[in-house]
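Visitor: Data: structure28.pdb, PDB, C-alpha atoms.
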MODEL        1
ATOM      1  CA  MET A   1      -0.867  42.039  -0.396
ATOM      2  CA  ASN A   2       0.626  45.089  -2.071
ATOM      3  CA  ASP A   3       1.829  45.381  -5.683
ATOM      4  CA  LYS A   4       5.472  44.814  -4.821
ATOM      5  CA  GLU A   5       4.640  41.615  -2.953
ATOM      6  CA  GLN A   6       2.500  40.383  -5.833
ATOM      7  CA  GLU A   7       5.262  41.175  -8.274
ATOM      8  CA  PHE A   8       7.770  39.336  -6.122
ATOM      9  CA  GLU A   9       5.500  36.296  -5.879
ATOM     10  CA  GLN A  10       5.093  36.252  -9.633
ATOM     11  CA  ARG A  11       8.871  36.374  -9.992
ATOM     12  CA  VAL A  12       9.232  33.452  -7.616
ATOM     13  CA  ARG A  13       6.534  31.499  -9.466
ATOM     14  CA  THR A  14       8.300  31.987 -12.787
ATOM     15  CA  ALA A  15      11.631  30.948 -11.309
ATOM     16  CA  LEU A  16      10.121  27.817  -9.747
ATOM     17  CA  ASP A  17       8.494  26.833 -13.052
ATOM     18  CA  ALA A  18      11.758  27.316 -14.900
ATOM     19  CA  ASP A  19      13.562  25.245 -12.297
ATOM     20  CA  LEU A  20      10.989  22.497 -12.686
ATOM     21  CA  ASN A  21      11.558  22.352 -16.428
ATOM     22  CA  ALA A  22      15.243  21.944 -15.772
ATOM     23  CA  LEU A  23      14.741  18.837 -13.651
ATOM     24  CA  ASP A  24      17.476  16.322 -14.521
ATOM     25  CA  THR A  25      16.746  13.192 -16.550
ATOM     26  CA  GLY A  26      17.683  10.840 -13.729
ATOM     27  CA  THR A  27      15.116  12.381 -11.398
ATOM     28  CA  ARG A  28      12.438  12.417 -14.094
ATOM     29  CA  SER A  29      13.102   8.782 -14.792
ATOM     30  CA  ARG A  30      12.919   7.870 -11.081
ATOM     31  CA  LEU A  31       9.616   9.740 -10.782
ATOM     32  CA  ALA A  32       8.202   7.895 -13.794
ATOM     33  CA  MET A  33       9.291   4.610 -12.237
ATOM     34  CA  ALA A  34       7.655   5.582  -8.951
ATOM     35  CA  ARG A  35       4.422   6.343 -10.802
ATOM     36  CA  ALA A  36       4.560   3.020 -12.624
ATOM     37  CA  ALA A  37       5.190   1.247  -9.309
ATOM     38  CA  ALA A  38       2.107   2.895  -7.792
ATOM     39  CA  PHE A  39      -0.080   1.520 -10.590
ATOM     40  CA  GLU A  40       1.673  -1.842 -10.529
ATOM     41  CA  GLN A  41       0.877  -2.151  -6.849
ATOM     42  CA  GLN A  42      -2.735  -1.189  -7.447
ATOM     43  CA  SER A  43      -3.226  -3.813 -10.142
ATOM     44  CA  PHE A  44      -1.502  -6.418  -7.949
ATOM     45  CA  LEU A  45      -3.858  -5.612  -5.063
ATOM     46  CA  ALA A  46      -6.841  -5.581  -7.417
ATOM     47  CA  ARG A  47      -5.879  -9.026  -8.701
ATOM     48  CA  TRP A  48      -5.265 -10.338  -5.218
ATOM     49  CA  PHE A  49      -8.600  -9.177  -3.847
ATOM     50  CA  SER A  50     -10.670  -9.923  -6.969
ATOM     51  CA  VAL A  51     -13.658 -12.333  -6.696
ATOM     52  CA  ASP A  52     -12.132 -14.590  -9.358
ATOM     53  CA  ASN A  53      -9.078 -15.019  -7.195
ATOM     54  CA  TRP A  54     -10.929 -15.871  -4.008
ATOM     55  CA  MET A  55     -13.687 -18.093  -5.473
ATOM     56  CA  PRO A  56     -11.651 -21.350  -5.645
ATOM     57  CA  LEU A  57     -10.135 -20.698  -2.236
ATOM     58  CA  THR A  58     -13.595 -20.101  -0.755
ATOM     59  CA  ALA A  59     -14.872 -23.312  -2.333
ATOM     60  CA  VAL A  60     -11.966 -25.302  -0.881
ATOM     61  CA  ALA A  61     -12.495 -23.726   2.554
ATOM     62  CA  ALA A  62     -16.230 -24.512   2.451
ATOM     63  CA  SER A  63     -15.519 -28.137   1.473
ATOM     64  CA  LEU A  64     -13.029 -28.481   4.309
ATOM     65  CA  MET A  65     -15.495 -27.029   6.792
ATOM     66  CA  LEU A  66     -18.195 -29.448   5.589
ATOM     67  CA  ALA A  67     -15.816 -32.395   5.922
ATOM     68  CA  VAL A  68     -14.795 -31.370   9.434
ATOM     69  CA  SER A  69     -18.440 -30.840  10.435
ATOM     70  CA  LEU A  70     -19.402 -34.285   9.188
ATOM     71  CA  PHE A  71     -16.487 -35.842  11.045
ATOM     72  CA  VAL A  72     -17.278 -34.066  14.314
ATOM     73  CA  LEU A  73     -21.029 -34.703  14.137
ATOM     74  CA  ARG A  74     -20.799 -38.415  13.150
ATOM     75  CA  PRO A  75     -22.767 -40.892  15.393
ATOM     76  CA  ALA A  76     -20.845 -42.179  18.424
ATOM     77  CA  ALA A  77     -19.178 -45.598  17.896
ATOM     78  CA  ASP A  78     -20.780 -47.288  20.947
ATOM     79  CA  SER A  79     -24.408 -46.400  20.239
ATOM     80  CA  PRO A  80     -26.962 -49.241  21.081
ATOM     81  CA  VAL A  81     -27.799 -49.753  17.400
ATOM     82  CA  GLN A  82     -24.169 -50.417  16.526
ATOM     83  CA  VAL A  83     -23.722 -52.762  19.533
ATOM     84  CA  ALA A  84     -26.739 -54.818  18.478
ATOM     85  CA  GLN A  85     -25.443 -54.902  14.913
ATOM     86  CA  ALA A  86     -22.057 -56.134  16.158
ATOM     87  CA  ASP A  87     -23.678 -58.984  18.189
ATOM     88  CA  THR A  88     -25.660 -60.210  15.186
ATOM     89  CA  ASP A  89     -22.497 -60.116  13.075
ATOM     90  CA  VAL A  90     -20.688 -62.328  15.600
ATOM     91  CA  ALA A  91     -23.560 -64.835  15.634
ATOM     92  CA  LEU A  92     -23.565 -64.969  11.827
ATOM     93  CA  GLU A  93     -19.789 -65.434  11.736
ATOM     94  CA  VAL A  94     -20.074 -68.348  14.150
ATOM     95  CA  MET A  95     -22.879 -69.935  12.118
ATOM     96  CA  LEU A  96     -21.298 -69.446   8.685
ATOM     97  CA  GLY A  97     -17.627 -69.999   9.442
ATOM     98  CA  ASP A  98     -15.759 -73.110   8.224
ATOM     99  CA  GLU A  99     -15.488 -74.494  11.743
ATOM    100  CA  ALA A 100     -19.267 -74.276  12.098
ATOM    101  CA  GLN A 101     -19.937 -76.875   9.346
ATOM    102  CA  ASP A 102     -19.616 -79.751  11.814
ATOM    103  CA  SER A 103     -21.553 -77.951  14.498
ATOM    104  CA  VAL A 104     -24.611 -77.426  12.283
ATOM    105  CA  SER A 105     -25.360 -81.130  12.400
ATOM    106  CA  ASP A 106     -25.019 -81.190  16.192
ATOM    107  CA  PRO A 107     -28.359 -80.446  18.007
ATOM    108  CA  ASP A 108     -26.455 -79.205  21.069
ATOM    109  CA  PHE A 109     -25.020 -76.379  18.954
ATOM    110  CA  PHE A 110     -28.467 -74.810  18.523
ATOM    111  CA  VAL A 111     -29.200 -75.170  22.214
ATOM    112  CA  ALA A 112     -25.898 -73.353  22.966
ATOM    113  CA  MET A 113     -26.691 -70.602  20.428
ATOM    114  CA  ASP A 114     -30.131 -70.008  21.979
ATOM    115  CA  ALA A 115     -28.537 -69.744  25.390
ATOM    116  CA  MET A 116     -25.927 -67.270  24.097
ATOM    117  CA  LEU A 117     -28.521 -65.016  22.446
ATOM    118  CA  LEU A 118     -30.675 -65.173  25.590
ATOM    119  CA  ILE A 119     -27.732 -63.999  27.687
ATOM    120  CA  ASP A 120     -27.103 -61.109  25.239
ATOM    121  CA  ASP A 121     -30.767 -60.045  25.439
ATOM    122  CA  GLU A 122     -30.647 -60.012  29.216
ATOM    123  CA  GLU A 123     -27.429 -57.978  29.231
ATOM    124  CA  GLU A 124     -29.032 -55.447  26.879
ATOM    125  CA  LYS A 125     -32.081 -55.181  29.127
ATOM    126  CA  ASN A 126     -29.889 -54.678  32.188
ATOM    127  CA  ALA A 127     -27.844 -52.084  30.380
ATOM    128  CA  GLY A 128     -30.984 -50.296  29.183
TER     129      GLY A 128
ATOM    130  CA  MET B   1     -14.161  -1.963 -16.893
ATOM    131  CA  GLY B   2     -13.910   0.934 -19.364
ATOM    132  CA  HIS B   3     -14.594   3.366 -16.536
ATOM    133  CA  ASP B   4     -11.703   1.863 -14.539
ATOM    134  CA  ARG B   5      -9.335   2.253 -17.475
ATOM    135  CA  ASP B   6     -10.399   5.865 -18.079
ATOM    136  CA  ASN B   7      -9.986   6.621 -14.406
ATOM    137  CA  SER B   8      -6.579   4.994 -14.374
ATOM    138  CA  GLN B   9      -5.474   7.020 -17.396
ATOM    139  CA  ARG B  10      -6.719  10.238 -15.812
ATOM    140  CA  MET B  11      -4.840   9.392 -12.632
ATOM    141  CA  GLN B  12      -1.705   8.645 -14.685
ATOM    142  CA  ARG B  13      -1.939  12.044 -16.354
ATOM    143  CA  PHE B  14      -2.602  13.769 -13.048
ATOM    144  CA  LEU B  15       0.436  12.192 -11.395
ATOM    145  CA  ALA B  16       2.650  12.837 -14.398
ATOM    146  CA  GLY B  17       1.675  16.499 -14.194
ATOM    147  CA  ILE B  18       2.186  16.898 -10.488
ATOM    148  CA  GLU B  19       5.138  14.626  -9.702
ATOM    149  CA  GLY B  20       7.875  17.141 -10.513
ATOM    150  CA  ARG B  21       6.418  19.828  -8.267
ATOM    151  CA  ALA B  22       5.696  17.277  -5.549
ATOM    152  CA  PHE B  23       9.295  16.131  -5.722
ATOM    153  CA  ARG B  24      10.498  19.716  -5.362
ATOM    154  CA  ILE B  25       8.313  20.235  -2.285
ATOM    155  CA  ALA B  26       9.599  17.013  -0.736
ATOM    156  CA  GLN B  27      13.177  17.860  -1.623
ATOM    157  CA  PHE B  28      12.938  21.286   0.001
ATOM    158  CA  ALA B  29      11.483  19.620   3.081
ATOM    159  CA  THR B  30      14.047  16.825   3.352
ATOM    160  CA  ARG B  31      17.026  18.286   1.493
ATOM    161  CA  ASN B  32      17.683  14.749   0.340
ATOM    162  CA  ARG B  33      16.932  13.599  -3.205
ATOM    163  CA  ASP B  34      16.437   9.907  -2.468
ATOM    164  CA  ASP B  35      14.252  10.511   0.562
ATOM    165  CA  ALA B  36      12.204  13.008  -1.431
ATOM    166  CA  LEU B  37      11.678  10.491  -4.232
ATOM    167  CA  GLU B  38      10.640   7.872  -1.708
ATOM    168  CA  LEU B  39       8.111  10.201  -0.083
ATOM    169  CA  VAL B  40       6.620  11.118  -3.457
ATOM    170  CA  GLN B  41       6.356   7.453  -4.403
ATOM    171  CA  ASP B  42       4.617   6.664  -1.096
ATOM    172  CA  ALA B  43       2.158   9.486  -1.665
ATOM    173  CA  MET B  44       1.482   8.273  -5.212
ATOM    174  CA  MET B  45       0.869   4.736  -4.020
ATOM    175  CA  LYS B  46      -1.521   5.839  -1.315
ATOM    176  CA  LEU B  47      -3.427   8.107  -3.680
ATOM    177  CA  VAL B  48      -3.749   5.450  -6.375
ATOM    178  CA  GLN B  49      -4.643   2.736  -3.909
ATOM    179  CA  LYS B  50      -7.164   4.641  -1.793
ATOM    180  CA  TYR B  51      -8.493   7.561  -3.772
ATOM    181  CA  SER B  52      -8.639   6.528  -7.430
ATOM    182  CA  GLU B  53     -12.421   6.543  -7.191
ATOM    183  CA  SER B  54     -12.586   9.989  -5.571
ATOM    184  CA  ASP B  55     -13.630  13.006  -7.550
ATOM    185  CA  GLU B  56     -10.801  14.190  -9.777
ATOM    186  CA  SER B  57     -11.120  17.752  -8.475
ATOM    187  CA  GLU B  58     -10.116  16.485  -5.017
ATOM    188  CA  TRP B  59      -6.947  14.724  -6.130
ATOM    189  CA  VAL B  60      -4.633  17.729  -5.757
ATOM    190  CA  ALA B  61      -5.621  18.388  -2.151
ATOM    191  CA  LEU B  62      -5.650  14.679  -1.299
ATOM    192  CA  PHE B  63      -2.253  14.121  -2.853
ATOM    193  CA  TYR B  64      -0.611  17.024  -1.049
ATOM    194  CA  THR B  65      -2.290  16.042   2.227
ATOM    195  CA  ILE B  66      -0.755  12.587   1.940
ATOM    196  CA  LEU B  67       2.602  14.058   0.966
ATOM    197  CA  GLN B  68       2.565  16.459   3.929
ATOM    198  CA  SER B  69       1.739  13.593   6.246
ATOM    199  CA  ARG B  70       4.695  11.631   4.848
ATOM    200  CA  ILE B  71       6.963  14.679   5.220
ATOM    201  CA  ASN B  72       5.922  15.133   8.854
ATOM    202  CA  ASP B  73       6.536  11.445   9.543
ATOM    203  CA  TRP B  74       9.952  11.767   7.936
ATOM    204  CA  HIS B  75      10.807  14.735  10.180
ATOM    205  CA  ARG B  76       9.619  12.915  13.280
ATOM    206  CA  ARG B  77      11.843   9.969  12.430
ATOM    207  CA  GLN B  78      14.730  12.337  11.780
ATOM    208  CA  SER B  79      14.216  14.120  15.087
ATOM    209  CA  VAL B  80      14.272  10.781  16.934
ATOM    210  CA  ARG B  81      17.493   9.880  15.125
ATOM    211  CA  ASN B  82      18.960  13.273  15.956
ATOM    212  CA  ARG B  83      18.025  12.816  19.601
ATOM    213  CA  PHE B  84      19.931   9.538  19.693
ATOM    214  CA  ARG B  85      22.834  11.257  17.986
ATOM    215  CA  HIS B  86      22.727  14.001  20.613
ATOM    216  CA  TRP B  87      23.145  11.444  23.392
ATOM    217  CA  PHE B  88      26.420  10.360  21.902
ATOM    218  CA  THR B  89      27.614  13.829  20.894
ATOM    219  CA  PRO B  90      26.268  16.197  23.556
ATOM    220  CA  THR B  91      26.267  19.915  22.804
ATOM    221  CA  ASP B  92      25.403  22.997  24.826
ATOM    222  CA  ASP B  93      22.499  23.832  22.519
ATOM    223  CA  GLU B  94      19.767  22.192  24.568
ATOM    224  CA  ASP B  95      17.146  24.883  24.144
ATOM    225  CA  ALA B  96      16.168  23.964  20.600
ATOM    226  CA  GLU B  97      12.592  24.919  19.765
ATOM    227  CA  ASP B  98       9.978  22.801  17.996
ATOM    228  CA  GLU B  99      11.867  21.170  15.155
ATOM    229  CA  LEU B 100       8.939  21.191  12.767
ATOM    230  CA  GLU B 101       8.699  24.930  13.202
ATOM    231  CA  GLN B 102      12.359  25.736  13.254
ATOM    232  CA  LEU B 103      13.812  22.989  11.172
ATOM    233  CA  PRO B 104      16.447  23.896   8.643
ATOM    234  CA  ALA B 105      18.609  26.614  10.004
ATOM    235  CA  GLU B 106      21.720  25.888   8.018
ATOM    236  CA  ALA B 107      24.813  28.008   8.301
ATOM    237  CA  SER B 108      23.807  31.214   6.658
ATOM    238  CA  SER B 109      25.482  31.498   3.316
ATOM    239  CA  ASP B 110      25.238  35.032   2.093
ATOM    240  CA  PRO B 111      23.798  34.781  -1.452
ATOM    241  CA  ALA B 112      25.829  36.824  -3.821
ATOM    242  CA  ILE B 113      23.996  39.876  -4.919
ATOM    243  CA  GLN B 114      23.810  39.443  -8.673
ATOM    244  CA  LEU B 115      21.255  39.971 -11.342
ATOM    245  CA  GLY B 116      19.844  37.221 -13.550
ATOM    246  CA  ASN B 117      17.556  34.226 -13.342
ATOM    247  CA  GLU B 118      20.112  31.643 -12.316
ATOM    248  CA  GLN B 119      21.338  33.695  -9.434
ATOM    249  CA  PHE B 120      17.822  34.440  -8.345
ATOM    250  CA  MET B 121      16.854  30.758  -8.490
ATOM    251  CA  SER B 122      19.972  29.709  -6.701
ATOM    252  CA  GLY B 123      19.285  32.273  -3.981
ATOM    253  CA  LEU B 124      15.643  31.283  -3.826
ATOM    254  CA  ASN B 125      16.550  27.626  -3.365
ATOM    255  CA  LYS B 126      18.904  28.464  -0.529
ATOM    256  CA  GLU B 127      16.451  30.761   1.198
ATOM    257  CA  LEU B 128      13.573  28.346   0.805
ATOM    258  CA  GLU B 129      15.695  25.638   2.409
ATOM    259  CA  LYS B 130      16.413  27.915   5.345
ATOM    260  CA  LEU B 131      12.770  28.682   6.035
ATOM    261  CA  PRO B 132      11.067  26.890   8.923
ATOM    262  CA  LEU B 133       9.336  23.803   7.511
ATOM    263  CA  ARG B 134       5.767  25.005   7.865
ATOM    264  CA  GLN B 135       6.504  28.418   6.364
ATOM    265  CA  GLN B 136       8.363  26.764   3.521
ATOM    266  CA  GLN B 137       5.612  24.269   2.764
ATOM    267  CA  VAL B 138       2.819  26.825   2.980
ATOM    268  CA  PHE B 139       4.722  29.156   0.677
ATOM    269  CA  LEU B 140       5.375  26.412  -1.882
ATOM    270  CA  LEU B 141       1.791  25.216  -1.814
ATOM    271  CA  ARG B 142       0.396  28.718  -2.169
ATOM    272  CA  VAL B 143       2.867  30.132  -4.700
ATOM    273  CA  GLY B 144       4.296  27.053  -6.430
ATOM    274  CA  GLU B 145       1.150  24.943  -6.571
ATOM    275  CA  GLY B 146      -1.421  27.722  -6.630
ATOM    276  CA  LEU B 147      -3.558  26.301  -3.819
ATOM    277  CA  ASP B 148      -5.860  28.816  -2.142
ATOM    278  CA  VAL B 149      -5.843  29.519   1.598
ATOM    279  CA  ALA B 150      -8.596  27.024   2.417
ATOM    280  CA  GLU B 151      -7.004  24.233   0.371
ATOM    281  CA  THR B 152      -3.598  24.892   1.902
ATOM    282  CA  ALA B 153      -5.123  24.849   5.397
ATOM    283  CA  ALA B 154      -6.751  21.502   4.647
ATOM    284  CA  VAL B 155      -3.513  20.064   3.284
ATOM    285  CA  MET B 156      -1.400  21.376   6.169
ATOM    286  CA  GLN B 157      -4.104  20.493   8.692
ATOM    287  CA  CYS B 158      -4.026  23.897  10.320
ATOM    288  CA  SER B 159      -6.290  26.936  10.435
ATOM    289  CA  GLU B 160      -6.611  29.402   7.578
ATOM    290  CA  SER B 161      -5.221  32.168   9.783
ATOM    291  CA  SER B 162      -2.100  30.036  10.388
ATOM    292  CA  VAL B 163      -1.705  29.643   6.647
ATOM    293  CA  LYS B 164      -1.925  33.398   6.188
ATOM    294  CA  THR B 165       0.606  33.994   8.944
ATOM    295  CA  HIS B 166       3.089  31.415   7.623
ATOM    296  CA  HIS B 167       2.699  32.729   4.108
ATOM    297  CA  ALA B 168       3.192  36.351   5.126
ATOM    298  CA  ARG B 169       6.299  35.540   7.182
ATOM    299  CA  ALA B 170       7.821  33.441   4.416
ATOM    300  CA  LEU B 171       7.132  36.130   1.860
ATOM    301  CA  GLU B 172       8.584  38.837   4.031
ATOM    302  CA  ARG B 173      11.730  36.856   4.720
ATOM    303  CA  LEU B 174      12.267  35.844   1.103
ATOM    304  CA  ARG B 175      11.724  39.373  -0.147
ATOM    305  CA  GLU B 176      14.112  40.697   2.417
ATOM    306  CA  ARG B 177      16.825  38.267   1.323
ATOM    307  CA  LEU B 178      16.178  38.167  -2.401
ATOM    308  CA  GLU B 179      15.171  41.699  -3.350
ATOM    309  CA  ALA B 180      18.752  42.506  -4.123
ATOM    310  CA  LEU B 181      18.950  39.652  -6.654
ATOM    311  CA  ARG B 182      16.019  40.787  -8.755
TER     312      ARG B 182
ENDMDL
END
Would you mind writing the structure in this file as structure tokens?
Guide:
Amino acid sequence: MNDKEQEFEQRVRTALDADLNALDTGTRSRLAMARAAAFEQQSFLARWFSVDNWMPLTAVAASLMLAVSLFVLRPAADSPVQVAQADTDVALEVMLGDEAQDSVSDPDFFVAMDAMLLIDDEEEKNAG
Amino acid sequence: MGHDRDNSQRMQRFLAGIEGRAFRIAQFATRNRDDALELVQDAMMKLVQKYSESDESEWVALFYTILQSRINDWHRRQSVRNRFRHWFTPTDDEDAEDELEQLPAEASSDPAIQLGNEQFMSGLNKELEKLPLRQQQVFLLRVGEGLDVAETAAVMQCSESSVKTHHARALERLRERLEALR
């Protein structure tokens, strides 16, 4: 670059700097607002992605997942243990119910109960 | 925490120092004040959001790289809009060259040959607007912002020899048009 070109560039540089200093107030104000908005956005994003913000949400999500897992993995309703438990409950209901008070004194009642339990045992064996 | 605040304050100062010149670059590129302000704001947001932790010495180049990317996007959108406009208002001028290279070729207004700073600046503004976009941006980055050839090449995403060529052509054209105003 020769001297004349360098001199011209310097002249342009000076003119551009002077022009910059003459920037109108409205534009300066808009630029300041734009700068503030850039930092506002950054602090919003920082807050949004901060650990403090996500901790409660993560805890809730983990609790929900645990609840769903427990629900899905619960024992099946018709398992043999539950069936046996249900049969015993029915026998107890029959024996302890109000209507059973008269039956307790009747010897035939116990014979009928034995027969009923025997039938249940056989059904269980057949099913097994 | 203290480091974050220091960094934020340094970034604030950096942006406050550069925003006026960045606006001028964007305004020359778009010739629209509101669009220029929007592009500068976008560039600020991206810089603050993504590069606050980068080394401070890299901020200038990063900022202008983002701004140039936004300017190019703006021109691409404009050229699509112009294409649609052309469909509705066909002209004979179908052999337009690459718009990014040839962009603002406004009606040539002959700058009055007068002495004095205001006239020179007024003429400079007009001539800078008329330069092809890449020449204009390279010239502003080199002369207005003081970036060296390598930095300008990185910002403009072109080779250093392209930067030298664009700069030399812009300088030649501006001198040719503005010598009389000095």
Visitor: Going by the chain IDs and residue numbers used in this file, which residues fall under the PyMOL selection byres ((chain A and resi 32) around 12)? Write them as a ChimeraX atom specification.
Guide: /A:25-31,33-39 /B:12-13,15-20,23,37,40-41,44
Visitor: Kindly give the distance, in Å, that separates CA of Gln136 in chain B and CA of Ala170 in chain B, rounded to a single decimal.
Guide: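 Interatomic distance, CA of Gln136 in chain B to CA of Ala170 in chain B: 6.8 Å.
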Visitor: Might you spell out which residues the PyMOL selection byres ((chain A and resi 9) around 10) would select in the displayed file, as a ChimeraX atom specification?
Guide: /A:3-8,10-15 /B:139,142-144,171,174-175
Visitor: CA of Arg85 in chain B and CA of Asp73 in chain B are how many Å apart?
Guide: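 Result for CA of Arg85 in chain B versus CA of Asp73 in chain B: 18.4 Å, one decimal.
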Visitor: Find the distance between CA of Tyr51 in chain B and CA of Gln41 in chain A and write it in Å to one decimal.
Guide: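 Interatomic distance here is 13.8 Å.
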Visitor: Pull out every residue that the PyMOL selection byres ((chain B and resi 145-149) around 10) matches in the shown coordinates and put them as a PyMOL selection string.
Guide: (chain A and resi 13+16-17) or (chain B and resi 18+21-22+25+60-61+64+138-144+150-155+159-164+167)
Visitor: Please write the residues from the selection above to a file, keeping C-alpha atoms, as a JSON list (two decimals), in the frame of the given file.
Guide:
[["chain", "number", "residue", "atom", "x", "y", "z"],
["A", 13, "ARG", "CA", 6.53, 31.50, -9.47],
["A", 16, "LEU", "CA", 10.12, 27.82, -9.75],
["A", 17, "ASP", "CA", 8.49, 26.83, -13.05],
["B", 18, "ILE", "CA", 2.19, 16.90, -10.49],
["B", 21, "ARG", "CA", 6.42, 19.83, -8.27],
["B", 22, "ALA", "CA", 5.70, 17.28, -5.55],
["B", 25, "ILE", "CA", 8.31, 20.24, -2.28],
["B", 60, "VAL", "CA", -4.63, 17.73, -5.76],
["B", 61, "ALA", "CA", -5.62, 18.39, -2.15],
["B", 64, "TYR", "CA", -0.61, 17.02, -1.05],
["B", 138, "VAL", "CA", 2.82, 26.82, 2.98],
["B", 139, "PHE", "CA", 4.72, 29.16, 0.68],
["B", 140, "LEU", "CA", 5.38, 26.41, -1.88],
["B", 141, "LEU", "CA", 1.79, 25.22, -1.81],
["B", 142, "ARG", "CA", 0.40, 28.72, -2.17],
["B", 143, "VAL", "CA", 2.87, 30.13, -4.70],
["B", 144, "GLY", "CA", 4.30, 27.05, -6.43],
["B", 150, "ALA", "CA", -8.60, 27.02, 2.42],
["B", 151, "GLU", "CA", -7.00, 24.23, 0.37],
["B", 152, "THR", "CA", -3.60, 24.89, 1.90],
["B", 153, "ALA", "CA", -5.12, 24.85, 5.40],
["B", 154, "ALA", "CA", -6.75, 21.50, 4.65],
["B", 155, "VAL", "CA", -3.51, 20.06, 3.28],
["B", 159, "SER", "CA", -6.29, 26.94, 10.44],
["B", 160, "GLU", "CA", -6.61, 29.40, 7.58],
["B", 161, "SER", "CA", -5.22, 32.17, 9.78],
["B", 162, "SER", "CA", -2.10, 30.04, 10.39],
["B", 163, "VAL", "CA", -1.70, 29.64, 6.65],
["B", 164, "LYS", "CA", -1.92, 33.40, 6.19],
["B", 167, "HIS", "CA", 2.70, 32.73, 4.11]]
Visitor: Restricting the calculation to all atoms listed in the file: of B:Gln137, B:Phe84, B:Trp59, B:Ser122, which residue gets closest to Ile71 in chain B?
Guide: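 Closest residue, counting all atoms listed in the file: B:Gln137.
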Visitor: Can you report as lines of an AutoDock Vina configuration file the centre and edge lengths in Å, to one decimal, of an axis-aligned box around the listed atoms of range 12-22 of chain A padded with 6 Å on each side?
Guide:
center_x = 10.9
center_y = 27.7
center_z = -12.0
size_x = 20.7
size_y = 23.5
size_z = 20.8
Visitor: If we count all atoms listed in the file, what is near Ser8 in chain B at a cut-off of 12 Å, once residues fewer than 2 positions away on the same chain are taken out, given as number ranges by chain?
Guide: A: 35-36, 38-40, 42-43; B: 1-6, 10-15, 47-49, 51-54, 56
Visitor: Closest to chain A among B:Arg77, B:Arg173, B:Arg33, B:Lys130, using only C-alpha atoms?
Guide: B:Arg33
